[in-house]
>>> print(open('start20.pdb').read())   # PDB, C-alpha atoms
ATOM      1  CA  MET W   1       0.000   0.000   0.000
ATOM      2  CA  ARG W   2       2.884   2.391   0.662
ATOM      3  CA  GLN W   3       3.804   2.207  -3.011
ATOM      4  CA  GLY W   4       0.161   2.689  -4.038
ATOM      5  CA  ALA W   5      -0.222  -0.729  -5.678
ATOM      6  CA  HIS W   6      -3.877  -0.788  -4.589
ATOM      7  CA  LYS W   7      -4.475   2.231  -6.845
ATOM      8  CA  SER W   8      -2.729   0.755  -9.890
ATOM      9  CA  PRO W   9      -4.764   0.072 -13.046
ATOM     10  CA  GLU W  10      -4.221  -3.664 -12.566
ATOM     11  CA  PHE W  11      -5.560  -3.642  -9.018
ATOM     12  CA  LEU W  12      -8.475  -1.364  -9.915
ATOM     13  CA  LEU W  13      -9.661  -4.125 -12.240
ATOM     14  CA  LYS W  14      -9.963  -6.320  -9.134
ATOM     15  CA  ASN W  15     -11.582  -3.654  -6.949
ATOM     16  CA  SER W  16     -12.623  -0.424  -8.622
ATOM     17  CA  LEU W  17     -12.540   1.336  -5.236
ATOM     18  CA  GLY W  18      -8.813   0.621  -4.928
ATOM     19  CA  GLN W  19      -9.251  -0.816  -1.449
ATOM     20  CA  VAL W  20      -8.032  -3.923   0.332
ATOM     21  CA  PRO W  21      -8.697  -6.675   1.153
ATOM     22  CA  VAL W  22      -9.557  -8.463  -2.066
ATOM     23  CA  LEU W  23      -9.896 -12.209  -2.360
ATOM     24  CA  GLU W  24      -8.993 -13.418  -5.844
ATOM     25  CA  LEU W  25     -10.206 -16.903  -6.729
ATOM     26  CA  ASP W  26      -8.521 -19.364  -9.074
ATOM     27  CA  ASP W  27     -11.011 -18.486 -11.822
ATOM     28  CA  GLY W  28     -10.019 -14.805 -11.593
ATOM     29  CA  SER W  29     -13.203 -13.607  -9.918
ATOM     30  CA  THR W  30     -12.722 -11.272  -6.975
ATOM     31  CA  LEU W  31     -14.538 -10.435  -3.787
ATOM     32  CA  SER W  32     -13.851  -7.468  -1.561
ATOM     33  CA  GLU W  33     -14.914  -6.328   1.906
ATOM     34  CA  SER W  34     -13.752  -8.254   4.953
ATOM     35  CA  ILE W  35     -17.152  -9.450   6.127
ATOM     36  CA  ALA W  36     -18.148 -10.652   2.650
ATOM     37  CA  ILE W  37     -14.863 -12.538   2.317
ATOM     38  CA  CYS W  38     -15.266 -14.125   5.760
ATOM     39  CA  ARG W  39     -18.863 -15.162   5.018
ATOM     40  CA  TYR W  40     -17.756 -16.699   1.722
ATOM     41  CA  LEU W  41     -14.951 -18.640   3.427
ATOM     42  CA  GLU W  42     -17.266 -19.775   6.209
ATOM     43  CA  ASP W  43     -19.754 -21.086   3.646
ATOM     44  CA  LEU W  44     -16.972 -23.096   2.042
ATOM     45  CA  HIS W  45     -15.518 -24.268   5.368
ATOM     46  CA  PRO W  46     -18.225 -24.076   8.055
ATOM     47  CA  LYS W  47     -16.028 -25.384  10.871
ATOM     48  CA  PRO W  48     -14.970 -23.558  12.866
ATOM     49  CA  ALA W  49     -17.847 -21.113  12.518
ATOM     50  CA  LEU W  50     -16.616 -17.549  12.113
ATOM     51  CA  PHE W  51     -20.027 -15.981  12.742
ATOM     52  CA  GLY W  52     -21.485 -18.280  15.396
ATOM     53  CA  GLU W  53     -22.924 -21.755  15.703
ATOM     54  CA  ASP W  54     -26.580 -20.788  16.218
ATOM     55  CA  ALA W  55     -29.022 -17.918  15.759
ATOM     56  CA  TRP W  56     -28.104 -16.268  19.078
ATOM     57  CA  GLN W  57     -24.361 -16.343  18.417
ATOM     58  CA  ARG W  58     -24.817 -15.056  14.856
ATOM     59  CA  ALA W  59     -27.026 -12.243  16.150
ATOM     60  CA  GLN W  60     -24.383 -11.328  18.734
ATOM     61  CA  VAL W  61     -21.670 -11.196  16.069
ATOM     62  CA  GLU W  62     -23.906  -9.013  13.888
ATOM     63  CA  MET W  63     -24.735  -6.685  16.787
ATOM     64  CA  TRP W  64     -21.080  -6.138  17.663
ATOM     65  CA  THR W  65     -20.110  -5.718  14.016
ATOM     66  CA  ARG W  66     -22.723  -2.975  13.592
ATOM     67  CA  ARG W  67     -21.692  -1.283  16.827
ATOM     68  CA  ILE W  68     -18.100  -1.203  15.639
ATOM     69  CA  GLU W  69     -19.059   0.060  12.178
ATOM     70  CA  PHE W  70     -21.328   2.848  13.386
ATOM     71  CA  GLY W  71     -19.935   3.669  16.800
ATOM     72  CA  LEU W  72     -16.204   3.244  16.469
ATOM     73  CA  MET W  73     -15.299   3.340  12.795
ATOM     74  CA  SER W  74     -17.266   6.525  12.102
ATOM     75  CA  ARG W  75     -15.288   8.273  14.836
ATOM     76  CA  ILE W  76     -11.974   6.918  13.575
ATOM     77  CA  GLY W  77     -12.931   8.060  10.089
ATOM     78  CA  ALA W  78     -13.772  11.532  11.385
ATOM     79  CA  VAL W  79     -10.374  11.801  13.070
ATOM     80  CA  TRP W  80      -8.666  10.638   9.882
ATOM     81  CA  VAL W  81     -10.542  13.036   7.612
ATOM     82  CA  ASN W  82     -10.135  16.018   9.912
ATOM     83  CA  THR W  83      -6.540  15.596  11.099
ATOM     84  CA  HIS W  84      -4.407  13.612   8.657
ATOM     85  CA  LYS W  85      -2.166  15.693   6.392
ATOM     86  CA  TYR W  86      -3.509  13.961   3.279
ATOM     87  CA  THR W  87      -7.207  14.376   4.067
ATOM     88  CA  ALA W  88      -7.665  17.293   6.469
ATOM     89  CA  HIS W  89      -8.322  19.732   3.636
ATOM     90  CA  VAL W  90     -11.060  17.426   2.329
ATOM     91  CA  GLY W  91     -12.848  17.408   5.672
ATOM     92  CA  TYR W  92     -12.775  21.181   5.814
ATOM     93  CA  ALA W  93     -13.965  21.468   2.243
ATOM     94  CA  VAL W  94     -16.893  19.117   2.774
ATOM     95  CA  GLN W  95     -17.981  20.832   5.988
ATOM     96  CA  GLY W  96     -17.810  24.287   4.445
ATOM     97  CA  PHE W  97     -19.260  23.314   1.068
ATOM     98  CA  TRP W  98     -22.752  22.720   2.412
ATOM     99  CA  ARG W  99     -22.811  26.183   3.956
ATOM    100  CA  GLY W 100     -21.252  27.922   0.951
ATOM    101  CA  GLU W 101     -18.034  28.615   2.860
ATOM    102  CA  PRO W 102     -14.500  28.518   1.468
ATOM    103  CA  SER W 103     -12.683  25.209   1.640
ATOM    104  CA  GLN W 104     -10.836  26.104   4.855
ATOM    105  CA  SER W 105     -13.988  26.474   6.936
ATOM    106  CA  SER W 106     -13.615  28.140  10.311
ATOM    107  CA  GLN W 107     -15.048  24.939  11.759
ATOM    108  CA  GLY W 108     -12.157  22.839  10.435
ATOM    109  CA  PRO W 109      -9.935  23.240  13.512
ATOM    110  CA  ALA W 110     -12.916  22.711  15.850
ATOM    111  CA  LEU W 111     -13.845  19.524  14.017
ATOM    112  CA  ALA W 112     -10.256  18.310  14.183
ATOM    113  CA  GLU W 113     -10.088  19.018  17.912
ATOM    114  CA  ARG W 114     -13.414  17.294  18.556
TER     115      ARG W 114
END
>>> encode(input="start20.pdb", output="structure tokens")
Amino acid sequence: MRQGAHKSPEFLLKNSLGQVPVLELDDGSTLSESIAICRYLEDLHPKPALFGEDAWQRAQVEMWTRRIEFGLMSRIGAVWVNTHKYTAHVGYAVQGFWRGEPSQSSQGPALAER
């Protein structure tokens, strides 16, 4: 990733979003997104169960996955967008855009601090 291989034309044919992970099968088909890959592998090899042995366990896994996605990952994403040198200007631009403000919105530093 440091060399940007995930953004190369060859990799973009495997995942047009240029993101990892990608599972490439022997027939050349590809599947991306961690949960989708894990569900695929579990269907092929059900033991040990990755997502639970029964309805209750599967529901628990799903609950915690959603909590992580919405509760934790959204906050990590906000920190990334608002503080990292490669994306901070994007966060400011998006926040200011909706109010018709210049790209370096006065709220940018407040968002980064929050």
>>> resolve_selection(input="start20.pdb", expression="the PyMOL selection byres ((chain W and resi 21) around 7)", output="VMD selection string")
chain W and resid 19 to 20 22 to 23 32 to 34
>>> atom_distance(input="start20.pdb", atom1="CA of Val61 (chain W)", atom2="CA of Leu41 (chain W)")
16.1 Å
>>> atom_distance(input="start20.pdb", atom1="CA of Leu12 (chain W)", atom2="CA of Tyr86 (chain W)")
20.8 Å
>>> residues_around(input="start20.pdb", residues="region 35-40 of chain W", least_positions_apart="3", cutoff="12 Å", atoms="only C-alpha atoms", output="ChimeraX atom specification")
/W:20-25,30-32,43-46,48-52,58,61-62,65-66,69
>>> atom_distance(input="start20.pdb", atom1="CA of His6 (chain W)", atom2="CA of Thr87 (chain W)")
17.8 Å
>>> axis_aligned_box(input="start20.pdb", around="region 17-34 of chain W", padding_each_side="5 Å", output="AutoDock Vina command-line options")
--center_x -11.5 --center_y -9.0 --center_z -3.4 --size_x 16.9 --size_y 30.7 --size_z 26.8
